[in-house]
file query-v7.tsv (TSV, N, CA and C atoms)
chain	number	residue	atom	x	y	z
A	1	MET	N	3.37	15.22	-60.29
A	1	MET	CA	3.59	13.83	-60.03
A	1	MET	C	4.20	13.69	-58.63
A	2	THR	N	3.62	12.81	-57.81
A	2	THR	CA	4.16	12.60	-56.47
A	2	THR	C	5.30	11.59	-56.53
A	3	ARG	N	6.21	11.84	-55.69
A	3	ARG	CA	7.37	10.96	-55.65
A	3	ARG	C	7.11	9.83	-54.67
A	4	GLN	N	7.22	8.61	-55.10
A	4	GLN	CA	6.97	7.46	-54.24
A	4	GLN	C	8.29	6.86	-53.78
A	5	LEU	N	8.23	6.27	-52.60
A	5	LEU	CA	9.39	5.55	-52.10
A	5	LEU	C	9.56	4.26	-52.88
A	6	PRO	N	10.77	3.76	-52.97
A	6	PRO	CA	10.95	2.46	-53.60
A	6	PRO	C	10.10	1.41	-52.90
A	7	ARG	N	9.71	0.38	-53.61
A	7	ARG	CA	8.77	-0.62	-53.11
A	7	ARG	C	9.22	-1.25	-51.78
A	8	ARG	N	10.51	-1.50	-51.64
A	8	ARG	CA	10.98	-2.16	-50.43
A	8	ARG	C	10.98	-1.23	-49.21
A	9	LEU	N	10.82	0.09	-49.38
A	9	LEU	CA	10.82	1.03	-48.26
A	9	LEU	C	9.44	1.59	-47.94
A	10	ARG	N	8.41	1.16	-48.64
A	10	ARG	CA	7.08	1.74	-48.40
A	10	ARG	C	6.50	1.34	-47.05
A	11	TRP	N	6.74	0.12	-46.65
A	11	TRP	CA	6.16	-0.33	-45.39
A	11	TRP	C	7.26	-0.85	-44.49
A	12	LEU	N	7.35	-0.26	-43.30
A	12	LEU	CA	8.28	-0.76	-42.30
A	12	LEU	C	7.46	-1.23	-41.11
A	13	PRO	N	7.79	-2.35	-40.55
A	13	PRO	CA	6.98	-2.86	-39.43
A	13	PRO	C	7.11	-1.97	-38.21
A	14	HIS	N	6.02	-1.84	-37.49
A	14	HIS	CA	6.01	-1.11	-36.23
A	14	HIS	C	6.85	-1.89	-35.23
A	15	PRO	N	7.63	-1.23	-34.36
A	15	PRO	CA	8.52	-1.95	-33.46
A	15	PRO	C	7.82	-2.95	-32.55
A	16	SER	N	6.55	-2.74	-32.22
A	16	SER	CA	5.90	-3.65	-31.28
A	16	SER	C	5.16	-4.79	-31.98
A	17	ARG	N	5.35	-4.96	-33.26
A	17	ARG	CA	4.71	-6.08	-33.94
A	17	ARG	C	5.49	-7.36	-33.70
A	18	ARG	N	5.01	-8.48	-34.21
A	18	ARG	CA	5.57	-9.78	-33.83
A	18	ARG	C	6.96	-10.06	-34.37
A	19	ASP	N	7.46	-9.32	-35.33
A	19	ASP	CA	8.79	-9.60	-35.84
A	19	ASP	C	9.88	-8.84	-35.05
A	20	TRP	N	9.50	-8.16	-34.00
A	20	TRP	CA	10.45	-7.43	-33.16
A	20	TRP	C	10.20	-7.84	-31.72
A	21	HIS	N	11.23	-8.20	-31.00
A	21	HIS	CA	11.07	-8.62	-29.61
A	21	HIS	C	12.08	-7.90	-28.74
A	22	GLU	N	11.64	-7.57	-27.55
A	22	GLU	CA	12.51	-6.98	-26.55
A	22	GLU	C	12.70	-8.01	-25.45
A	23	GLU	N	13.94	-8.28	-25.11
A	23	GLU	CA	14.23	-9.28	-24.09
A	23	GLU	C	14.98	-8.63	-22.93
A	24	ALA	N	14.79	-9.20	-21.75
A	24	ALA	CA	15.46	-8.69	-20.56
A	24	ALA	C	15.82	-9.87	-19.66
A	25	TRP	N	16.92	-9.72	-18.94
A	25	TRP	CA	17.35	-10.74	-17.98
A	25	TRP	C	16.66	-10.45	-16.66
A	26	ILE	N	15.82	-11.38	-16.19
A	26	ILE	CA	15.02	-11.16	-14.99
A	26	ILE	C	15.48	-12.11	-13.90
A	27	THR	N	15.72	-11.56	-12.72
A	27	THR	CA	16.08	-12.36	-11.55
A	27	THR	C	15.06	-12.06	-10.46
A	28	ASP	N	14.35	-13.08	-9.99
A	28	ASP	CA	13.37	-12.89	-8.93
A	28	ASP	C	13.32	-14.15	-8.07
A	29	GLU	N	12.30	-14.25	-7.21
A	29	GLU	CA	12.23	-15.40	-6.31
A	29	GLU	C	11.95	-16.70	-7.04
A	30	PHE	N	11.34	-16.64	-8.21
A	30	PHE	CA	11.05	-17.85	-8.98
A	30	PHE	C	12.26	-18.32	-9.78
A	31	PHE	N	13.09	-17.39	-10.22
A	31	PHE	CA	14.29	-17.70	-10.99
A	31	PHE	C	15.49	-17.01	-10.34
A	32	PRO	N	16.04	-17.58	-9.24
A	32	PRO	CA	17.13	-16.90	-8.55
A	32	PRO	C	18.39	-16.75	-9.39
A	33	ASP	N	18.62	-17.67	-10.35
A	33	ASP	CA	19.78	-17.55	-11.23
A	33	ASP	C	19.51	-16.66	-12.43
A	34	GLY	N	18.25	-16.31	-12.63
A	34	GLY	CA	17.87	-15.44	-13.73
A	34	GLY	C	17.37	-16.21	-14.94
A	35	ILE	N	16.63	-15.52	-15.78
A	35	ILE	CA	16.08	-16.10	-16.99
A	35	ILE	C	15.94	-14.99	-18.03
A	36	LEU	N	16.15	-15.34	-19.30
A	36	LEU	CA	15.96	-14.39	-20.38
A	36	LEU	C	14.49	-14.41	-20.77
A	37	ALA	N	13.78	-13.31	-20.56
A	37	ALA	CA	12.34	-13.26	-20.77
A	37	ALA	C	12.00	-12.30	-21.90
A	38	ASP	N	10.93	-12.63	-22.60
A	38	ASP	CA	10.41	-11.76	-23.64
A	38	ASP	C	9.54	-10.70	-22.98
A	39	VAL	N	9.95	-9.44	-23.04
A	39	VAL	CA	9.22	-8.34	-22.42
A	39	VAL	C	8.70	-7.36	-23.47
A	40	THR	N	8.34	-7.90	-24.63
A	40	THR	CA	7.84	-7.06	-25.71
A	40	THR	C	6.50	-6.46	-25.30
A	41	PRO	N	6.35	-5.14	-25.35
A	41	PRO	CA	5.06	-4.54	-24.98
A	41	PRO	C	4.02	-4.75	-26.06
A	42	LYS	N	2.76	-4.68	-25.66
A	42	LYS	CA	1.67	-4.74	-26.62
A	42	LYS	C	1.67	-3.45	-27.44
A	43	PRO	N	1.10	-3.47	-28.63
A	43	PRO	CA	1.05	-2.23	-29.42
A	43	PRO	C	0.36	-1.11	-28.65
A	44	GLY	N	0.97	0.05	-28.65
A	44	GLY	CA	0.40	1.21	-27.96
A	44	GLY	C	0.65	1.24	-26.48
A	45	ARG	N	1.44	0.33	-25.94
A	45	ARG	CA	1.67	0.27	-24.51
A	45	ARG	C	3.05	0.76	-24.08
A	46	ARG	N	3.81	1.33	-24.97
A	46	ARG	CA	5.14	1.81	-24.63
A	46	ARG	C	5.06	3.31	-24.32
A	47	TYR	N	5.70	3.70	-23.21
A	47	TYR	CA	5.71	5.12	-22.86
A	47	TYR	C	6.79	5.85	-23.64
A	48	ILE	N	6.46	7.05	-24.06
A	48	ILE	CA	7.43	7.94	-24.68
A	48	ILE	C	7.48	9.21	-23.84
A	49	LYS	N	8.34	10.12	-24.18
A	49	LYS	CA	8.51	11.33	-23.37
A	49	LYS	C	7.20	12.10	-23.21
A	50	ALA	N	6.37	12.10	-24.25
A	50	ALA	CA	5.12	12.87	-24.20
A	50	ALA	C	4.08	12.21	-23.30
A	51	THR	N	4.18	10.90	-23.04
A	51	THR	CA	3.16	10.20	-22.25
A	51	THR	C	3.65	9.77	-20.88
A	52	TRP	N	4.84	10.18	-20.47
A	52	TRP	CA	5.35	9.83	-19.15
A	52	TRP	C	5.24	11.02	-18.22
A	53	PRO	N	4.87	10.97	-16.98
A	53	PRO	CA	4.52	9.77	-16.24
A	53	PRO	C	3.12	9.29	-16.58
A	54	PRO	N	2.82	8.02	-16.27
A	54	PRO	CA	1.48	7.51	-16.56
A	54	PRO	C	0.42	8.28	-15.80
A	55	ARG	N	-0.70	8.49	-16.41
A	55	ARG	CA	-1.77	9.28	-15.81
A	55	ARG	C	-2.76	8.37	-15.08
A	56	GLY	N	-3.38	8.91	-14.07
A	56	GLY	CA	-4.46	8.21	-13.39
A	56	GLY	C	-4.00	7.45	-12.16
A	57	ARG	N	-4.88	7.32	-11.19
A	57	ARG	CA	-4.70	6.58	-9.96
A	57	ARG	C	-3.50	7.01	-9.17
A	58	GLY	N	-3.04	8.24	-9.33
A	58	GLY	CA	-2.02	8.80	-8.46
A	58	GLY	C	-0.62	8.27	-8.66
A	59	ARG	N	-0.32	7.65	-9.81
A	59	ARG	CA	1.01	7.07	-9.98
A	59	ARG	C	2.06	8.12	-10.28
A	60	GLY	N	1.66	9.33	-10.62
A	60	GLY	CA	2.64	10.35	-10.93
A	60	GLY	C	3.03	11.21	-9.75
A	61	GLU	N	2.33	11.04	-8.61
A	61	GLU	CA	2.62	11.88	-7.45
A	61	GLU	C	3.68	11.23	-6.56
A	62	PRO	N	4.32	12.01	-5.69
A	62	PRO	CA	5.36	11.46	-4.83
A	62	PRO	C	4.83	10.39	-3.88
A	63	MET	N	5.72	9.49	-3.49
A	63	MET	CA	5.31	8.41	-2.58
A	63	MET	C	4.89	8.93	-1.21
A	64	PHE	N	5.42	10.07	-0.81
A	64	PHE	CA	5.11	10.60	0.51
A	64	PHE	C	4.30	11.89	0.42
A	65	SER	N	3.35	11.92	-0.50
A	65	SER	CA	2.47	13.08	-0.60
A	65	SER	C	1.47	13.04	0.56
A	66	PRO	N	0.90	14.17	0.93
A	66	PRO	CA	-0.06	14.18	2.04
A	66	PRO	C	-1.26	13.25	1.81
A	67	ARG	N	-1.72	13.13	0.57
A	67	ARG	CA	-2.85	12.25	0.30
A	67	ARG	C	-2.50	10.80	0.58
A	68	ARG	N	-1.31	10.37	0.14
A	68	ARG	CA	-0.90	8.98	0.36
A	68	ARG	C	-0.63	8.70	1.84
A	69	ILE	N	-0.05	9.65	2.53
A	69	ILE	CA	0.20	9.47	3.96
A	69	ILE	C	-1.12	9.34	4.71
A	70	ASP	N	-2.10	10.20	4.38
A	70	ASP	CA	-3.41	10.11	5.02
A	70	ASP	C	-4.08	8.77	4.73
A	71	ALA	N	-3.94	8.26	3.51
A	71	ALA	CA	-4.53	6.97	3.16
A	71	ALA	C	-3.90	5.83	3.95
A	72	GLN	N	-2.58	5.89	4.16
A	72	GLN	CA	-1.90	4.85	4.94
A	72	GLN	C	-2.30	4.91	6.41
A	73	LEU	N	-2.43	6.13	6.94
A	73	LEU	CA	-2.86	6.26	8.34
A	73	LEU	C	-4.30	5.78	8.52
A	74	ARG	N	-5.14	6.06	7.53
A	74	ARG	CA	-6.53	5.61	7.60
A	74	ARG	C	-6.61	4.09	7.51
A	75	ALA	N	-5.75	3.47	6.69
A	75	ALA	CA	-5.71	2.02	6.60
A	75	ALA	C	-5.24	1.40	7.91
A	76	ALA	N	-4.23	2.01	8.54
A	76	ALA	CA	-3.76	1.51	9.84
A	76	ALA	C	-4.86	1.61	10.89
A	77	GLU	N	-5.61	2.69	10.86
A	77	GLU	CA	-6.72	2.85	11.80
A	77	GLU	C	-7.81	1.81	11.53
A	78	ALA	N	-8.05	1.48	10.26
A	78	ALA	CA	-9.04	0.44	9.93
A	78	ALA	C	-8.60	-0.91	10.49
A	79	ILE	N	-7.32	-1.23	10.38
A	79	ILE	CA	-6.81	-2.49	10.94
A	79	ILE	C	-6.97	-2.50	12.46
A	80	ARG	N	-6.65	-1.37	13.10
A	80	ARG	CA	-6.79	-1.30	14.56
A	80	ARG	C	-8.23	-1.48	15.00
A	81	LEU	N	-9.16	-0.83	14.30
A	81	LEU	CA	-10.57	-0.96	14.65
A	81	LEU	C	-11.08	-2.39	14.44
A	82	ARG	N	-10.59	-3.04	13.42
A	82	ARG	CA	-11.03	-4.40	13.14
A	82	ARG	C	-10.46	-5.38	14.16
A	83	CYS	N	-9.17	-5.26	14.50
A	83	CYS	CA	-8.51	-6.22	15.39
A	83	CYS	C	-8.82	-5.96	16.86
A	84	HIS	N	-8.71	-4.72	17.31
A	84	HIS	CA	-8.83	-4.43	18.74
A	84	HIS	C	-10.25	-4.09	19.17
A	85	GLU	N	-10.95	-3.33	18.35
A	85	GLU	CA	-12.30	-2.91	18.72
A	85	GLU	C	-13.37	-3.90	18.24
A	86	ARG	N	-12.99	-4.83	17.35
A	86	ARG	CA	-13.90	-5.86	16.82
A	86	ARG	C	-15.12	-5.25	16.11
A	87	LEU	N	-14.88	-4.17	15.37
A	87	LEU	CA	-15.97	-3.56	14.61
A	87	LEU	C	-16.14	-4.28	13.27
A	88	THR	N	-17.33	-4.18	12.69
A	88	THR	CA	-17.56	-4.75	11.36
A	88	THR	C	-17.01	-3.79	10.31
A	89	TRP	N	-16.88	-4.30	9.09
A	89	TRP	CA	-16.36	-3.45	8.02
A	89	TRP	C	-17.31	-2.30	7.72
A	90	GLU	N	-18.62	-2.51	7.88
A	90	GLU	CA	-19.58	-1.42	7.68
A	90	GLU	C	-19.36	-0.30	8.70
A	91	GLU	N	-19.14	-0.69	9.96
A	91	GLU	CA	-18.92	0.31	11.01
A	91	GLU	C	-17.60	1.05	10.79
A	92	ILE	N	-16.58	0.31	10.37
A	92	ILE	CA	-15.29	0.95	10.10
A	92	ILE	C	-15.41	1.94	8.96
A	93	ALA	N	-16.12	1.53	7.89
A	93	ALA	CA	-16.30	2.42	6.73
A	93	ALA	C	-17.04	3.70	7.13
A	94	ALA	N	-18.05	3.55	7.96
A	94	ALA	CA	-18.82	4.73	8.40
A	94	ALA	C	-17.99	5.65	9.28
A	95	SER	N	-17.18	5.08	10.17
A	95	SER	CA	-16.42	5.93	11.10
A	95	SER	C	-15.22	6.60	10.44
A	96	LEU	N	-14.62	5.96	9.42
A	96	LEU	CA	-13.43	6.55	8.78
A	96	LEU	C	-13.72	7.26	7.48
A	97	GLY	N	-14.96	7.23	7.02
A	97	GLY	CA	-15.33	7.98	5.82
A	97	GLY	C	-15.11	7.26	4.51
A	98	PHE	N	-15.07	5.93	4.52
A	98	PHE	CA	-14.99	5.18	3.26
A	98	PHE	C	-16.37	5.16	2.62
A	99	ALA	N	-16.41	4.96	1.31
A	99	ALA	CA	-17.69	4.95	0.61
A	99	ALA	C	-18.54	3.76	1.01
A	100	ASP	N	-17.92	2.61	1.18
A	100	ASP	CA	-18.65	1.42	1.60
A	100	ASP	C	-17.69	0.46	2.30
A	101	LYS	N	-18.21	-0.72	2.68
A	101	LYS	CA	-17.38	-1.65	3.45
A	101	LYS	C	-16.21	-2.20	2.65
A	102	SER	N	-16.36	-2.28	1.33
A	102	SER	CA	-15.26	-2.82	0.52
A	102	SER	C	-14.07	-1.87	0.49
A	103	GLY	N	-14.31	-0.57	0.57
A	103	GLY	CA	-13.21	0.39	0.60
A	103	GLY	C	-12.37	0.24	1.85
A	104	ALA	N	-13.02	0.02	2.99
A	104	ALA	CA	-12.28	-0.19	4.24
A	104	ALA	C	-11.50	-1.49	4.18
A	105	TRP	N	-12.12	-2.54	3.67
A	105	TRP	CA	-11.44	-3.84	3.57
A	105	TRP	C	-10.24	-3.76	2.63
A	106	ARG	N	-10.41	-3.10	1.46
A	106	ARG	CA	-9.31	-3.01	0.50
A	106	ARG	C	-8.15	-2.19	1.05
A	107	ALA	N	-8.44	-1.13	1.78
A	107	ALA	CA	-7.37	-0.32	2.37
A	107	ALA	C	-6.59	-1.13	3.39
A	108	ALA	N	-7.30	-1.87	4.24
A	108	ALA	CA	-6.63	-2.71	5.23
A	108	ALA	C	-5.82	-3.81	4.55
A	109	GLN	N	-6.37	-4.42	3.51
A	109	GLN	CA	-5.68	-5.49	2.81
A	109	GLN	C	-4.41	-4.98	2.13
A	110	ARG	N	-4.46	-3.78	1.53
A	110	ARG	CA	-3.26	-3.18	0.93
A	110	ARG	C	-2.17	-2.96	1.97
A	111	ALA	N	-2.57	-2.48	3.16
A	111	ALA	CA	-1.59	-2.23	4.22
A	111	ALA	C	-0.97	-3.54	4.70
A	112	ILE	N	-1.78	-4.57	4.86
A	112	ILE	CA	-1.25	-5.87	5.29
A	112	ILE	C	-0.33	-6.45	4.23
A	113	ASP	N	-0.71	-6.37	2.96
A	113	ASP	CA	0.14	-6.86	1.88
A	113	ASP	C	1.47	-6.12	1.84
A	114	ARG	N	1.43	-4.81	2.06
A	114	ARG	CA	2.65	-4.01	2.06
A	114	ARG	C	3.57	-4.43	3.21
A	115	MET	N	2.99	-4.68	4.39
A	115	MET	CA	3.80	-5.10	5.54
A	115	MET	C	4.42	-6.48	5.30
A	116	GLU	N	3.63	-7.39	4.73
A	116	GLU	CA	4.17	-8.73	4.45
A	116	GLU	C	5.27	-8.67	3.40
A	117	ARG	N	5.11	-7.82	2.41
A	117	ARG	CA	6.15	-7.68	1.38
A	117	ARG	C	7.44	-7.12	1.98
A	118	GLU	N	7.33	-6.12	2.84
A	118	GLU	CA	8.51	-5.56	3.48
A	118	GLU	C	9.19	-6.59	4.39
A	119	ARG	N	8.41	-7.39	5.10
A	119	ARG	CA	8.98	-8.44	5.94
A	119	ARG	C	9.71	-9.47	5.09
A	120	TYR	N	9.12	-9.84	3.97
A	120	TYR	CA	9.76	-10.80	3.07
A	120	TYR	C	11.08	-10.25	2.53
A	121	LEU	N	11.09	-8.98	2.14
A	121	LEU	CA	12.31	-8.40	1.58
A	121	LEU	C	13.41	-8.29	2.64
A	122	ARG	N	13.04	-8.08	3.90
A	122	ARG	CA	14.05	-8.00	4.96
A	122	ARG	C	14.68	-9.37	5.25
A	123	THR	N	13.92	-10.44	5.09
A	123	THR	CA	14.42	-11.77	5.45
A	123	THR	C	15.07	-12.49	4.29
A	124	HIS	N	14.92	-12.01	3.08
A	124	HIS	CA	15.50	-12.71	1.93
A	124	HIS	C	16.53	-11.87	1.21
call {"tool": "encode", "arguments": {"input": "query-v7.tsv", "output": "structure tokens"}}
result
Amino acid sequence: MTRQLPRRLRWLPHPSRRDWHEEAWITDEFFPDGILADVTPKPGRRYIKATWPPRGRGRGEPMFSPRRIDAQLRAAEAIRLRCHERLTWEEIAASLGFADKSGAWRAAQRAIDRMERERYLRTH
């Protein structure tokens, strides 16, 4: 005969279901005084020791790895070619080794966004 748990202990809700909420005090540019926000993760979206760091797209590597430094230098060169040399995105992609014109544009856009974010953080 198998031993069963008492009826009230057979089912316990998973922590990420709707009867459990995680809240955090968030302060940002939209709420300078702060706001209590619901930051409950979706089921299966919480990292545990076995799944950290997140895999894919280079998020587990150091910020100053050779690959990331080369990508930033290539993005800076794409901006220089676009602004000073007046090349098209197709020509920039061909000269710097991007797969297509969208890769060159996205790299340049990431670099510009990063510069604007750093400028914003310095002034605020």
call {"tool": "atom_distance", "arguments": {"input": "query-v7.tsv", "atom1": "atom N of Gly97 in chain A", "atom2": "CA of Arg82 in chain A"}}
result
13.7 Å
call {"tool": "residues_around", "arguments": {"input": "query-v7.tsv", "residues": "range 99-110 of chain A", "least_positions_apart": "4", "cutoff": "8 Å", "atoms": "only C-alpha atoms", "output": "list in words"}}
result
Ala71, Gln72, Arg74, Ala75, Ala76, Ala78, Ile79, Trp89, Glu90, Glu91, Ile92, Ala93, Ala94 and Arg114 of chain A
call {"tool": "atom_distance", "arguments": {"input": "query-v7.tsv", "atom1": "CA of His124 in chain A", "atom2": "CA of Asp28 in chain A"}}
result
11.1 Å
call {"tool": "atom_distance", "arguments": {"input": "query-v7.tsv", "atom1": "CA of Pro66 in chain A", "atom2": "CA of Ala111 in chain A"}}
result
16.6 Å
call {"tool": "axis_aligned_box", "arguments": {"input": "query-v7.tsv", "around": "range 91-95 of chain A", "padding_each_side": "8 Å", "output": "lines of an AutoDock Vina configuration file"}}
result
center_x = -17.2
center_y = 3.0
center_z = 8.9
size_x = 19.9
size_y = 23.3
size_z = 20.4
